[in-house]
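Colleague: I am attaching a structure below and will ask some questions about it afterwards.
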Amino acid sequence: MVDHLPNLGREAEMLHSMGLESIEDLFSDIPEDIKRVEPLDLPLPQTEEEIWADAQRLLGANIAMNSRPNFLGAGLYQNFVPTMVPMMATRGEFLTAYTPYQPEVSQGMLQAMWEFQTMISELVGLPVSNVSMYDASTAAAEAITCAVRVHNRKASQPNVVYVTEWLPEHRLSVIQNYVVGADIEIRLLTTNDDGKINLEMAKNANGCCAVYVEQPNPFGIIDTNIQNLKEIIGDDTALIVGVNATSLGLLTPPGEYGADIVVGEGQAFGIGATAGGPIYGLFACTEKYLRQMPGRIVGKTFDSNGKQAFTLTLSTREQHIRRHKATSNICSNETLIALMGAMHMALLGPSGVQKLAIRNTAACEMTKRSVLSIPGIELLHNDSGENQPPQHYNEFSVILPGSATSALSFLNHRGVTGGLALSDIMEGADDSWLLISATDQTKLDDIQELSVGLNEWVLGGCS
Amino acid sequence: MVDHLPNLGREAEMLHSMGLESIEDLFSDIPEDIKRVEPLDLPLPQTEEEIWADAQRLLGANIAMNSRPNFLGAGLYQNFVPTMVPMMATRGEFLTAYTPYQPEVSQGMLQAMWEFQTMISELVGLPVSNVSMYDASTAAAEAITCAVRVHNRKASQPNVVYVTEWLPEHRLSVIQNYVVGADIEIRLLTTNDDGKINLEMAKNANGCCAVYVEQPNPFGIIDTNIQNLKEIIGDDTALIVGVNATSLGLLTPPGEYGADIVVGEGQAFGIGATAGGPIYGLFACTEKYLRQMPGRIVGKTFDSNGKQAFTLTLSTREQHIRRHKATSNICSNETLIALMGAMHMALLGPSGVQKLAIRNTAACEMTKRSVLSIPGIELLHNDSGENQPPQHYNEFSVILPGSATSALSFLNHRGVTGGLALSDIMEGADDSWLLISATDQTKLDDIQELSVGLNEWVLGGCS
Amino acid sequence: MSDIFAFKGAHDAGYAQPKPLISEDEISSLIPNSMVRKNPPKWPTASEPELVRHYTWLSSRNFGIDSGFYPLGSCTMKHNPRINERIVQLPGMNDIHPLAPESHLQGLLAIFYEMQEMLAHCSGMDQVTLQPVAGAQGEFAAIRCIQEYHRNNGDECRNKVIVPDSAHGTNPASAAMCGYEIIEIPSRDDGRLDLDALRAVTGDDTAAMMVTNPSTLGLFEPEIAEAAEIVHEAGGQMYYDGANFNAILGKTSPGLMGFDAVHYNLHKTFSQPHGGGGPGSGPIGVKNHLAQYLPKPLVDRRKDAKGIDGYSYFWINPENSIGKVQQWHGNAGAVVRSWAFYRRYGRELEKMSEHAVLNANYLRYRILNPDSASLQGIPAMPVDGAPADVVKHEFTLSMSPIKDTTGVSGKDVAKRLLDYGYMAPTLYFPMIVPECLMIEPTETESKEVLDKFADDFLAILSEDPEIVKSAPHSTDVGRVDEVWAARNLVLRHPLED
Amino acid sequence: MSDIFAFKGAHDAGYAQPKPLISEDEISSLIPNSMVRKNPPKWPTASEPELVRHYTWLSSRNFGIDSGFYPLGSCTMKHNPRINERIVQLPGMNDIHPLAPESHLQGLLAIFYEMQEMLAHCSGMDQVTLQPVAGAQGEFAAIRCIQEYHRNNGDECRNKVIVPDSAHGTNPASAAMCGYEIIEIPSRDDGRLDLDALRAVTGDDTAAMMVTNPSTLGLFEPEIAEAAEIVHEAGGQMYYDGANFNAILGKTSPGLMGFDAVHYNLHKTFSQPHGGGGPGSGPIGVKNHLAQYLPKPLVDRRKDAKGIDGYSYFWINPENSIGKVQQWHGNAGAVVRSWAFYRRYGRELEKMSEHAVLNANYLRYRILNPDSASLQGIPAMPVDGAPADVVKHEFTLSMSPIKDTTGVSGKDVAKRLLDYGYMAPTLYFPMIVPECLMIEPTETESKEVLDKFADDFLAILSEDPEIVKSAPHSTDVGRVDEVWAARNLVLRHPLED
Ligand SMILES: Cc1ncc(COP(=O)(O)O)c(C=O)c1O
Ligand SMILES: Cc1ncc(COP(=O)(O)O)c(C=O)c1O
């Protein structure tokens, strides 16, 4: 029995009132030769109880991060979302609305998104934020195409964009897909042995349309060189910084060191890792990029009585008006998840976000200390030119005395999810490189279990 | 750090504006000799994350009914509550309201309760329902005191009430507590060997104030004799029937066979067993009892513009107005849970409640067949005078060839919650009597596991 | 107007269920013929989309704490933390049976035990039961214990319970339900307990005295210890109505004041949301001499290395228990929510009371001491329900001066507050204050909310009396005719159709 | 007005967190000096009670399906079953990492596999990827696949994509993002695909044609098979915009119509709530010849007695995959919700489409065929956006006759509908219908709602034009000045203070 259909059993009544006989009359416009003959070969309809039972059985077969020590991250992190967030965001008026085309009855979501824009603007240190992108990778990709549209005319290296070396494939590949159509050439910005951007080589980027770097970088390193990039590449080249959003509770906002566009993953604010989606991307920029920006944006205005009101604005950039000349094809986006983000950010407040960043830093540091105390395991990029080894946020990378894949499988059998083999996500990475992520959810016991496990693996000959 | 206090850190400002110096000034009215000297000896404050972790750890140590075959019931049943119910009932406007003293801003809850009254009235076949009691036991107890107030003057057996034999202690004891103050004498209505009310002996109840029976009875038997009770006890004696609410999807509403008051447990509609509370009691009656009824009731009316509106009514019965002469002391009640019940009932609809009752009946029957196929296990009350053995709803009782406690413990070790030893809850019950409850949530596999287990226990010499 | 009975979907369209274990045809043979229901209840025939919309609409016509300031005196309408709702949805709470073996309920019992201990500690009592499901039931159960105590002492003739005239209605109602005669004693002119009046009625027929402290006027009774002495000397027991416990945590306790028994309103002090009237939870605590009478069962524990944090937990029955007052173990879900709430404060529970009292005094000061600009246009000011330098968690205002001057009653002002987006304060209670408004802001309201409320309150006083008298004007419905409702008693949907 | 930045609580009052694993003082030594943030972001300093109230208030100023009828054409605003929201809160969904070992994700992969198979089956495609996170991204990814296909065939010079003028804006935008030149062909006067116009632009530079069927007018394209033949003969690929898939499930399929690639809008057809603009989910299905280009990874399975229902599941990468379009595996949470939705219908998905189409036709009939009483006072009636005996899941009305007669525009009527408690239909789209209103009721609306909407719609047409032109009148704010917004660009809170 299918439920949820309020007109079940009333089909005949409705058809007759239109002078029709049968449901098939309504499909008489489909030519016979393309009509489906066989009924759908699918299982029987299920009831809510049965669906729930199956969902529990199937999803219960997954191993949740929280159920064991977990050191997986790489841009998507185990976190704790205050209960207020899902409870308020799933209120039907938010949950079941769509794009606020009618601002008069959508002030709630519009205001919430305007507040979101403000909070992101504050977080990254740039004046303009949109109401979200699909995720960090598409945000980076569309930042690049946006920057090219803005700078290409004046660029001495037109259609050229520099992207940091060692970008994980899950972001690089997305960027590559998005730049094909705009005929953009991606070149690599190389890094030093200490894992940071090579500022000398960065001079080559001067005069190109955009430079895309990440802070902390894909190895988890807080790259102090990035602060000097803008000076090197100049005003006619966009500095795009991809951030780990929570790190900005402690780290200088990129707007303060010259970033023109800041992108990143919003997930850690508002929603669990949720297998990678739905999450939401951040996109903030200076006014210069505003009219080439992808995505929706909310502006404050007034109603016919002079009362304050909010509305979507600058929609002339968008596909439903500008069609093939639009700045992006984005239509449905991630607003509801951004709303969850806004709620979480508002609850944290200025000191809460700092505290969160401190907790991430502390967990990362404790894990690093513990892992590096194991003989044979070394920090990747330890050969720093400075006195100090690189400093990390949320994650760090080590060189194992054997293959990371083998270490991970050893740990997995002991009930520890030990991190990520960098060779799985980065071209050119050595099989011995392991990315270990720790968050505010990491406990001392977890760290202990990881280290004991890794130690045994090393003692056992790394297999 | 304690959170949730918006004025933290602003105490001084607020105190100064009142001309006060310190928080202690606000407690200067407490005489020194009764001031607490030592600070509270309690643990440190916890954060939401820590509380959640502890809650998961502690409540995770409980064994949920759904996690294994379960045959526990006895008035509180494993059920499935559609997701819509908690999601809608926990909307803040419902969740965080209190008694609708101001109807102008409480129409939502008032209307929902009026609809609840209508649905209960329809279910039990009586014109009046209140908006809930604490639970089935207090509903039964207050029905008895209510009936005594109504009938005592005319009663030929004043202050006497007959209550069915074999009432579980968890209801009987509550009734006994509630009747103390009204000086009511409880006498027992005996049952036949077939487990049903002895109609011959019931004649003794004629002229008392009230008769309280249960349908199905505490053994799970559908007691056909109850239909003839009203005729026997007469108009000056209230027939109070305690029902298993879901059974009325299939069984005749007590209003149709002369019940004056119907009480019962609402839990199966709207909320899980939740360790026995919060749940809600049903209370419905004929107009005769209305002004002596406990609890709140909603009436339809109009506002100052003639628009339809709802309001609490007949509050002159209640403690906040009538004080020690009130019909009951009930103030805070179970409205929110009754709201969940209303939502569940509305979703089920006329055919859904029937289907639910059918599922309960079917599960009970399948379990009965399977258990009775085990040599040595017999139905309790099988020595029926009629041709047919008693018929059951939701649960049935058997005589084991050994102690029920031992059988249950044997089953428990095999991961089956086999039911309830009747001697645990009924005075005079034999240690070999086992109450087995099955619901719409019982699966064939569960029944199989129960029977296999019981069979092994029997084969193993019942120990 | 959304009428749930007007949805006209197919009878079985609303909500699909899995197949029964036996075919539906066979079922009729399993039910006695004479007992087969002929017509199903005329419940709504609506689909989930229709019902979601119906209840969304209803909720939009209901005011909760989440909607705005809810200064309902005596009800402690504080914020309900959302994590608590998440916790009770855990299968280990939502899907457990109270009669399950103790081994199935160890986590629950551990929480119960912790709550028993915490409540006893904070109140200075020796034993606590969590069984009563509301304050009134706590009163009833505790008075029953006292009754059994006197009986056991051969003190059968103690048949009177003394209650101040400021007491909540449940106090006399609960004692009367136990069969006691109620002796109401008048308050002093300043609203405080009148010890002389008390002495005059105390004697060897005194079973108990029931006191709320701080009283329902929000005032701490300075002579409470003396009152206890008077009652105790006469052989009576002192009962503490803990509805106002939110005011004194960590500052003093019923134990220190000399009480023998107390109920807690967990749904007030410990923030169990009591949506639309309940659920509540009304545990009681008693001194040792009453402990043997407590409703059964309580929770105890023994050391057990394999148990939770080194303990295993079990039910125990007090020796001379009065039995049960609810079928199972009380409102366990409310207890667990309150536990989660308490854990948030831990040893700093005192801070909660401090802020509750701070907010009440601040709001009272703001209303009663307006600057001259705000005073302009106000023909008369309300007066203190009872004179006091400081109040505790709530305060009362008498609107009599206004009624006398402009004809605007307390009720009118209450209704007008609805127009401003507030829940009205408690009205006409306690009865000893004429035209009483009773205001309890709780600790979870910000200074801004209190300031705004004070301003709006004063603004109403300066409004055209006709506007106030005909209020509310901007609510979902206008002033509701309660008399019509009581005269006509339309108590269910007619379902004509 | 509730301003989230106006709450003035202590900086750290909002939300307490557990202690870091290292003392806070030590942290500064772990961050490069030059990178230490000087001022925290000026986020709100509000407590949970304040925020709960803020967001409750905001939600009360937002219209969703739960608030009322939401006939937003092309957006398929159907009821979102609540169980789906419960499912995605399970830790096995909410707390899993996409890069976890396959053995940690077997349940998710099983659901993915089932969805790939189901979508392929219903659409007549061979392979499905669930990766794109919205319809537009599905278009983009599929066109990228087609682009690679042509490149691989040495067909580099196919640089044009044909799009009817009734197409949704994302179609040309997505193709343009891939670098294609867009050829827009005009529709016939009756709104249908113009095959002659198509033939005229088709050639060996044709990479693909993108078609929505039923079209954005809600009409089934009777000559779709011929159109496919024309494009195929020229060597182009046929792309099916599946936004309107809700209309044809079980009745026909893109495969039967001759399409090579299709995207599905799970958030429309399979009821993923897309609160306020998203999230969505836009899987794509393709015929075998395109399968090797699909974004990676897909899910496959092998028999495994120890696996779920006899299978173990694993990721596979198509041979010549275009790579990725989202970092992880798409909007997995949306896929799981859609799976739960699909399971409710199973092989009866056809019934869903039947009711969607029944409701659209019924509402259209009710509006366009009023009885004479309803017609009274209506100066002019809207006309069909395009003539048709039957429509599919939606229909368009041109309000031109009304505009011409009374000056009331489509937008005015749309705004006036807000006063009646409805979301307005899609406005001025498709652009080929003048003064267009596009109405899609979906299958989850009852006959009563449709009847009432028709009546109210007609009532608006007979209202005083001045009232309609100045609508809305009873919404939270009056008609919003969008021009001021675009001119002044106040895009964030000034936070002066
Ligand atoms: C002072 C006082 N005592 C007792 C009660 C009764 O508590 P409950 O409503 O939980 O039964 C209340 C509650 O309204 C109260 O305010
Ligand atoms: C016809 C049509 N095509 C494509 C799209 C784009 O889908 P999405 O919003 O999921 O990107 C839409 C959605 O609005 C649509 O209506």
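We label chains A, B, ... in the order they appear in the structure tokens, count residues from 1 in each chain, and number ligands from 1 in the order shown.
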Region 115-117 of chain C: which residues within 9 Å, counting only C-alpha atoms, same-chain residues fewer than 4 positions away excluded, as a list of chain:residue names?

Modeller: C:Ala110, C:Ile111, C:His121, C:Cys122, C:Asp126, C:Gln127, C:Val128, C:Thr129, C:Leu130, C:Pro283, C:Gly285, C:Leu298, C:Val299, C:Val335, C:Val336, C:Ser338, C:Trp339, C:Tyr342

Colleague: Residues as selected, C-alpha atoms, written as an mmCIF file, in the first residue's frame, can you do that?

Modeller:
data_model
loop_
_atom_site.group_PDB
_atom_site.id
_atom_site.type_symbol
_atom_site.label_atom_id
_atom_site.label_comp_id
_atom_site.auth_asym_id
_atom_site.auth_seq_id
_atom_site.Cartn_x
_atom_site.Cartn_y
_atom_site.Cartn_z
ATOM 1 C CA ALA C 110 22.501 4.611 37.546
ATOM 2 C CA ILE C 111 20.899 7.861 36.448
ATOM 3 C CA HIS C 121 21.949 16.542 48.841
ATOM 4 C CA CYS C 122 20.581 19.811 47.500
ATOM 5 C CA ASP C 126 17.865 11.701 53.501
ATOM 6 C CA GLN C 127 15.959 9.688 50.922
ATOM 7 C CA VAL C 128 14.382 10.513 47.595
ATOM 8 C CA THR C 129 11.934 8.664 45.381
ATOM 9 C CA LEU C 130 11.520 9.646 41.764
ATOM 10 C CA PRO C 283 10.010 13.365 43.124
ATOM 11 C CA GLY C 285 12.563 13.694 49.475
ATOM 12 C CA LEU C 298 13.827 3.216 45.007
ATOM 13 C CA VAL C 299 17.229 2.502 43.538
ATOM 14 C CA VAL C 335 14.083 12.358 35.194
ATOM 15 C CA VAL C 336 16.661 11.692 32.482
ATOM 16 C CA SER C 338 16.507 16.690 34.367
ATOM 17 C CA TRP C 339 19.663 14.683 34.930
ATOM 18 C CA TYR C 342 21.635 19.124 36.243
#

Colleague: Applying 9 Å and only C-alpha atoms, which residues near region 364-370 of chain D remain after dropping the ones on its own chain fewer than 2 positions away? List them as a VMD selection string.

Modeller: (chain A and resid 17 to 18) or (chain D and resid 359 to 362 372 to 375 381 to 384 391 394 to 397 439 450 to 451 453 to 455 457 to 458)

Colleague: Could you give me, as JSON lines, a per-residue list for region 166-258 of chain A showing, wherever an atom lies at most 9 Å from an atom of region 119-136 of chain A, the closest pair of atoms and their distance in Å to one decimal, using only C-alpha atoms and sorting by chain then residue number from low to high?

Modeller:
{"residue": "A:Arg171", "atom": "CA", "partner": "A:Ala136", "partner_atom": "CA", "distance": 7.8}
{"residue": "A:Gly242", "atom": "CA", "partner": "A:Ala136", "partner_atom": "CA", "distance": 7.7}
{"residue": "A:Val243", "atom": "CA", "partner": "A:Val124", "partner_atom": "CA", "distance": 8.8}
{"residue": "A:Ala245", "atom": "CA", "partner": "A:Leu123", "partner_atom": "CA", "distance": 8.2}
{"residue": "A:Leu248", "atom": "CA", "partner": "A:Leu123", "partner_atom": "CA", "distance": 6.5}
{"residue": "A:Gly249", "atom": "CA", "partner": "A:Leu123", "partner_atom": "CA", "distance": 7.8}
{"residue": "A:Thr252", "atom": "CA", "partner": "A:Val124", "partner_atom": "CA", "distance": 8.3}
{"residue": "A:Pro253", "atom": "CA", "partner": "A:Val124", "partner_atom": "CA", "distance": 4.7}
{"residue": "A:Pro254", "atom": "CA", "partner": "A:Val124", "partner_atom": "CA", "distance": 5.9}
{"residue": "A:Gly255", "atom": "CA", "partner": "A:Gly125", "partner_atom": "CA", "distance": 4.4}
{"residue": "A:Glu256", "atom": "CA", "partner": "A:Gly125", "partner_atom": "CA", "distance": 6.3}

Colleague: Skipping near chain neighbours, those fewer than 4 positions away, what residues fall within 7 Å of region 210-212 of chain B using only C-alpha atoms, listed as a JSON list (two decimals) with N, CA and C atoms, in the first residue's frame?

Modeller:
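The resulting selection.json:
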[["chain", "number", "residue", "atom", "x", "y", "z"],
["B", 144, "ILE", "N", -12.55, 5.81, 39.96],
["B", 144, "ILE", "CA", -13.24, 5.22, 41.10],
["B", 144, "ILE", "C", -13.68, 6.31, 42.09],
["B", 147, "ALA", "N", -16.51, 8.22, 40.56],
["B", 147, "ALA", "CA", -17.78, 7.49, 40.57],
["B", 147, "ALA", "C", -18.39, 7.48, 41.96],
["B", 148, "VAL", "N", -17.55, 7.37, 42.98],
["B", 148, "VAL", "CA", -18.07, 7.38, 44.34],
["B", 148, "VAL", "C", -18.73, 8.72, 44.64],
["B", 161, "VAL", "N", -16.62, -0.22, 46.45],
["B", 161, "VAL", "CA", -16.29, -0.35, 45.04],
["B", 161, "VAL", "C", -15.78, -1.76, 44.80],
["B", 162, "TYR", "N", -16.22, -2.37, 43.72],
["B", 162, "TYR", "CA", -15.72, -3.70, 43.35],
["B", 162, "TYR", "C", -14.68, -3.57, 42.25],
["B", 163, "VAL", "N", -13.61, -4.32, 42.43],
["B", 163, "VAL", "CA", -12.51, -4.26, 41.47],
["B", 163, "VAL", "C", -12.20, -5.69, 41.06],
["B", 164, "THR", "N", -11.89, -5.87, 39.81],
["B", 164, "THR", "CA", -11.64, -7.22, 39.33],
["B", 164, "THR", "C", -10.48, -7.88, 40.10],
["B", 237, "THR", "N", -24.79, 2.29, 39.72],
["B", 237, "THR", "CA", -23.41, 1.85, 39.92],
["B", 237, "THR", "C", -22.64, 2.10, 38.64],
["B", 238, "ALA", "N", -21.51, 2.75, 38.76],
["B", 238, "ALA", "CA", -20.74, 3.07, 37.56],
["B", 238, "ALA", "C", -19.98, 1.84, 37.09],
["B", 239, "LEU", "N", -20.09, 1.55, 35.79],
["B", 239, "LEU", "CA", -19.24, 0.53, 35.21],
["B", 239, "LEU", "C", -18.00, 1.21, 34.64],
["B", 240, "ILE", "N", -16.87, 0.93, 35.25],
["B", 240, "ILE", "CA", -15.61, 1.52, 34.78],
["B", 240, "ILE", "C", -14.81, 0.43, 34.08],
["B", 241, "VAL", "N", -14.50, 0.68, 32.82],
["B", 241, "VAL", "CA", -13.74, -0.32, 32.08],
["B", 241, "VAL", "C", -12.35, 0.23, 31.75]]

Colleague: Produce a table with one row for each residue of chain B that has an atom at most 10 Å from any atom of chain D, each row naming the nearest atom pair and its distance in Å at one decimal; use only C-alpha atoms; arrange rows by chain and rising residue number; format as a tab-separated table.

Modeller:
residue	atom	partner	partner_atom	distance
B:Met1	CA	D:Ala16	CA	6.0
B:Val2	CA	D:Ala16	CA	6.8
B:Asp3	CA	D:Ala13	CA	5.3
B:His4	CA	D:Ser47	CA	5.3
B:Leu5	CA	D:Ser47	CA	6.7
B:Pro6	CA	D:Gly9	CA	5.1
B:Asn7	CA	D:Gly9	CA	5.9
B:Leu8	CA	D:Ala10	CA	5.9
B:Gly9	CA	D:Ala10	CA	5.5
B:Arg10	CA	D:Ala10	CA	7.3
B:Pro45	CA	D:Ala16	CA	9.8
B:Gln46	CA	D:Pro18	CA	7.6
B:Thr47	CA	D:Ala16	CA	5.4
B:Glu48	CA	D:Ala16	CA	7.2
B:Glu49	CA	D:Gln17	CA	7.1
B:Glu50	CA	D:Pro18	CA	7.1
B:Pro82	CA	D:Ile83	CA	7.4
B:Thr83	CA	D:Ile83	CA	5.2
B:Met84	CA	D:Arg82	CA	5.4
B:Val85	CA	D:Arg82	CA	9.0
B:Pro86	CA	D:Arg82	CA	9.8
B:Met87	CA	D:Arg82	CA	7.5
B:Met88	CA	D:Arg82	CA	9.4
B:Arg91	CA	D:Thr56	CA	9.2
B:Gly92	CA	D:Thr56	CA	7.7
B:Glu93	CA	D:Thr56	CA	8.7

Colleague: For ligand 2, which residue out of A:Leu172, A:Ala342, A:Ile297, A:Ile330 is the nearest one, using only C-alpha atoms and all ligand atoms?

Modeller: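 Once distances to ligand 2 are computed over only C-alpha atoms and all ligand atoms, the minimum belongs to A:Ile330.
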
Colleague: Can you work out which residues are within 6 Å of ligand 1, considering only C-alpha atoms and all ligand atoms, and then hand them over as a ChimeraX atom specification?

Modeller: /B:330-332 /C:74-75,134-136,168,170,216,241,243,265,280

Colleague: Might you pull out every residue within 10 Å of Ala225 (chain D), with only C-alpha atoms counted and same-chain residues fewer than 5 positions away left off, and present them as a PyMOL selection string?

Modeller: (chain A and resi 31+33-34) or (chain D and resi 230+254+256-259)

Colleague: Pick out each residue of region 270-385 of chain A that DSSP on the backbone tags as alpha helix (DSSP H); I need them as a PyMOL selection string.

Modeller: chain A and resi 319-322+335-372

Colleague: Sort by chain and increasing residue number a table of all residues of chain A within 12 Å of ligand 2, each with its closest pair of atoms and their distance in Å to one decimal, counting only C-alpha atoms and all ligand atoms, and write it as JSON lines.

Modeller:
{"residue": "A:Tyr98", "atom": "CA", "partner": "ligand 2", "partner_atom_place_in_ligand_line": "14 (O)", "distance": 9.8}
{"residue": "A:Thr99", "atom": "CA", "partner": "ligand 2", "partner_atom_place_in_ligand_line": "14 (O)", "distance": 9.3}
{"residue": "A:Tyr101", "atom": "CA", "partner": "ligand 2", "partner_atom_place_in_ligand_line": "14 (O)", "distance": 11.7}
{"residue": "A:Met133", "atom": "CA", "partner": "ligand 2", "partner_atom_place_in_ligand_line": "11 (O)", "distance": 11.7}
{"residue": "A:Tyr134", "atom": "CA", "partner": "ligand 2", "partner_atom_place_in_ligand_line": "11 (O)", "distance": 10.3}
{"residue": "A:Gly295", "atom": "CA", "partner": "ligand 2", "partner_atom_place_in_ligand_line": "11 (O)", "distance": 11.3}
{"residue": "A:Glu318", "atom": "CA", "partner": "ligand 2", "partner_atom_place_in_ligand_line": "11 (O)", "distance": 11.9}
{"residue": "A:Gln319", "atom": "CA", "partner": "ligand 2", "partner_atom_place_in_ligand_line": "6 (C)", "distance": 9.6}
{"residue": "A:His320", "atom": "CA", "partner": "ligand 2", "partner_atom_place_in_ligand_line": "14 (O)", "distance": 8.8}
{"residue": "A:Arg323", "atom": "CA", "partner": "ligand 2", "partner_atom_place_in_ligand_line": "4 (C)", "distance": 11.7}
{"residue": "A:Ser328", "atom": "CA", "partner": "ligand 2", "partner_atom_place_in_ligand_line": "11 (O)", "distance": 10.8}
{"residue": "A:Asn329", "atom": "CA", "partner": "ligand 2", "partner_atom_place_in_ligand_line": "11 (O)", "distance": 7.5}
{"residue": "A:Ile330", "atom": "CA", "partner": "ligand 2", "partner_atom_place_in_ligand_line": "11 (O)", "distance": 5.9}
{"residue": "A:Cys331", "atom": "CA", "partner": "ligand 2", "partner_atom_place_in_ligand_line": "9 (O)", "distance": 4.3}
{"residue": "A:Ser332", "atom": "CA", "partner": "ligand 2", "partner_atom_place_in_ligand_line": "9 (O)", "distance": 3.6}
{"residue": "A:Asn333", "atom": "CA", "partner": "ligand 2", "partner_atom_place_in_ligand_line": "9 (O)", "distance": 7.2}
{"residue": "A:Glu334", "atom": "CA", "partner": "ligand 2", "partner_atom_place_in_ligand_line": "10 (O)", "distance": 10.4}
{"residue": "A:Thr335", "atom": "CA", "partner": "ligand 2", "partner_atom_place_in_ligand_line": "9 (O)", "distance": 11.9}

Colleague: List every residue of region 309-407 of chain A that DSSP, applied to the backbone of this structure, places in strand (DSSP E), and write the result as a PyMOL selection string.

Modeller: chain A and resi 309-312+378-379+395-399

Colleague: Write to file, as a short mmCIF file (atom, residue, chain, number, x, y, z; two decimals), in the first residue's frame, the residues of the selection just made, with N, CA and C atoms.

Modeller:
data_model
loop_
_atom_site.label_atom_id
_atom_site.label_comp_id
_atom_site.auth_asym_id
_atom_site.auth_seq_id
_atom_site.Cartn_x
_atom_site.Cartn_y
_atom_site.Cartn_z
N ALA A 309 13.84 44.91 4.96
CA ALA A 309 13.53 43.61 4.38
C ALA A 309 14.78 43.06 3.71
N PHE A 310 14.75 41.80 3.38
CA PHE A 310 15.88 41.16 2.71
C PHE A 310 15.40 40.55 1.39
N THR A 311 16.32 40.44 0.45
CA THR A 311 15.97 39.82 -0.83
C THR A 311 17.22 39.27 -1.49
N LEU A 312 17.04 38.29 -2.36
CA LEU A 312 18.13 37.88 -3.23
C LEU A 312 18.47 39.06 -4.13
N GLU A 378 58.84 9.48 11.09
CA GLU A 378 59.34 10.86 11.03
C GLU A 378 58.31 11.79 10.44
N LEU A 379 58.41 13.03 10.85
CA LEU A 379 57.55 14.05 10.26
C LEU A 379 57.95 14.26 8.81
N GLU A 395 45.78 18.37 11.17
CA GLU A 395 46.37 17.15 10.64
C GLU A 395 47.83 17.36 10.33
N PHE A 396 48.56 16.27 10.25
CA PHE A 396 49.99 16.33 9.94
C PHE A 396 50.35 15.06 9.17
N SER A 397 51.50 15.11 8.51
CA SER A 397 51.88 14.01 7.65
C SER A 397 53.21 13.44 8.12
N VAL A 398 53.29 12.12 8.09
CA VAL A 398 54.53 11.48 8.54
C VAL A 398 55.03 10.53 7.46
N ILE A 399 56.33 10.23 7.59
CA ILE A 399 56.92 9.20 6.74
C ILE A 399 57.05 7.94 7.59
#

Colleague: In Å, with one decimal, what is the gap from CA of Gln292 (chain D) to CA of Leu249 (chain D)?

Modeller: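 Separation between CA of Gln292 (chain D) and CA of Leu249 (chain D): 26.3 Å.
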
Colleague: Which residue is closest to chain B? Choose from A:Gly281, A:Gly402, A:Gly195, A:Gly352 and count only C-alpha atoms.

Modeller: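 Counting only C-alpha atoms, the residue closest to chain B is A:Gly352.
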
Colleague: Using only C-alpha atoms, can you tell me which of C:Pro40, C:Pro297, C:Pro401, C:Gly64 comes closest to chain D?

Modeller: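 Closest to chain D of all the choices is C:Gly64.
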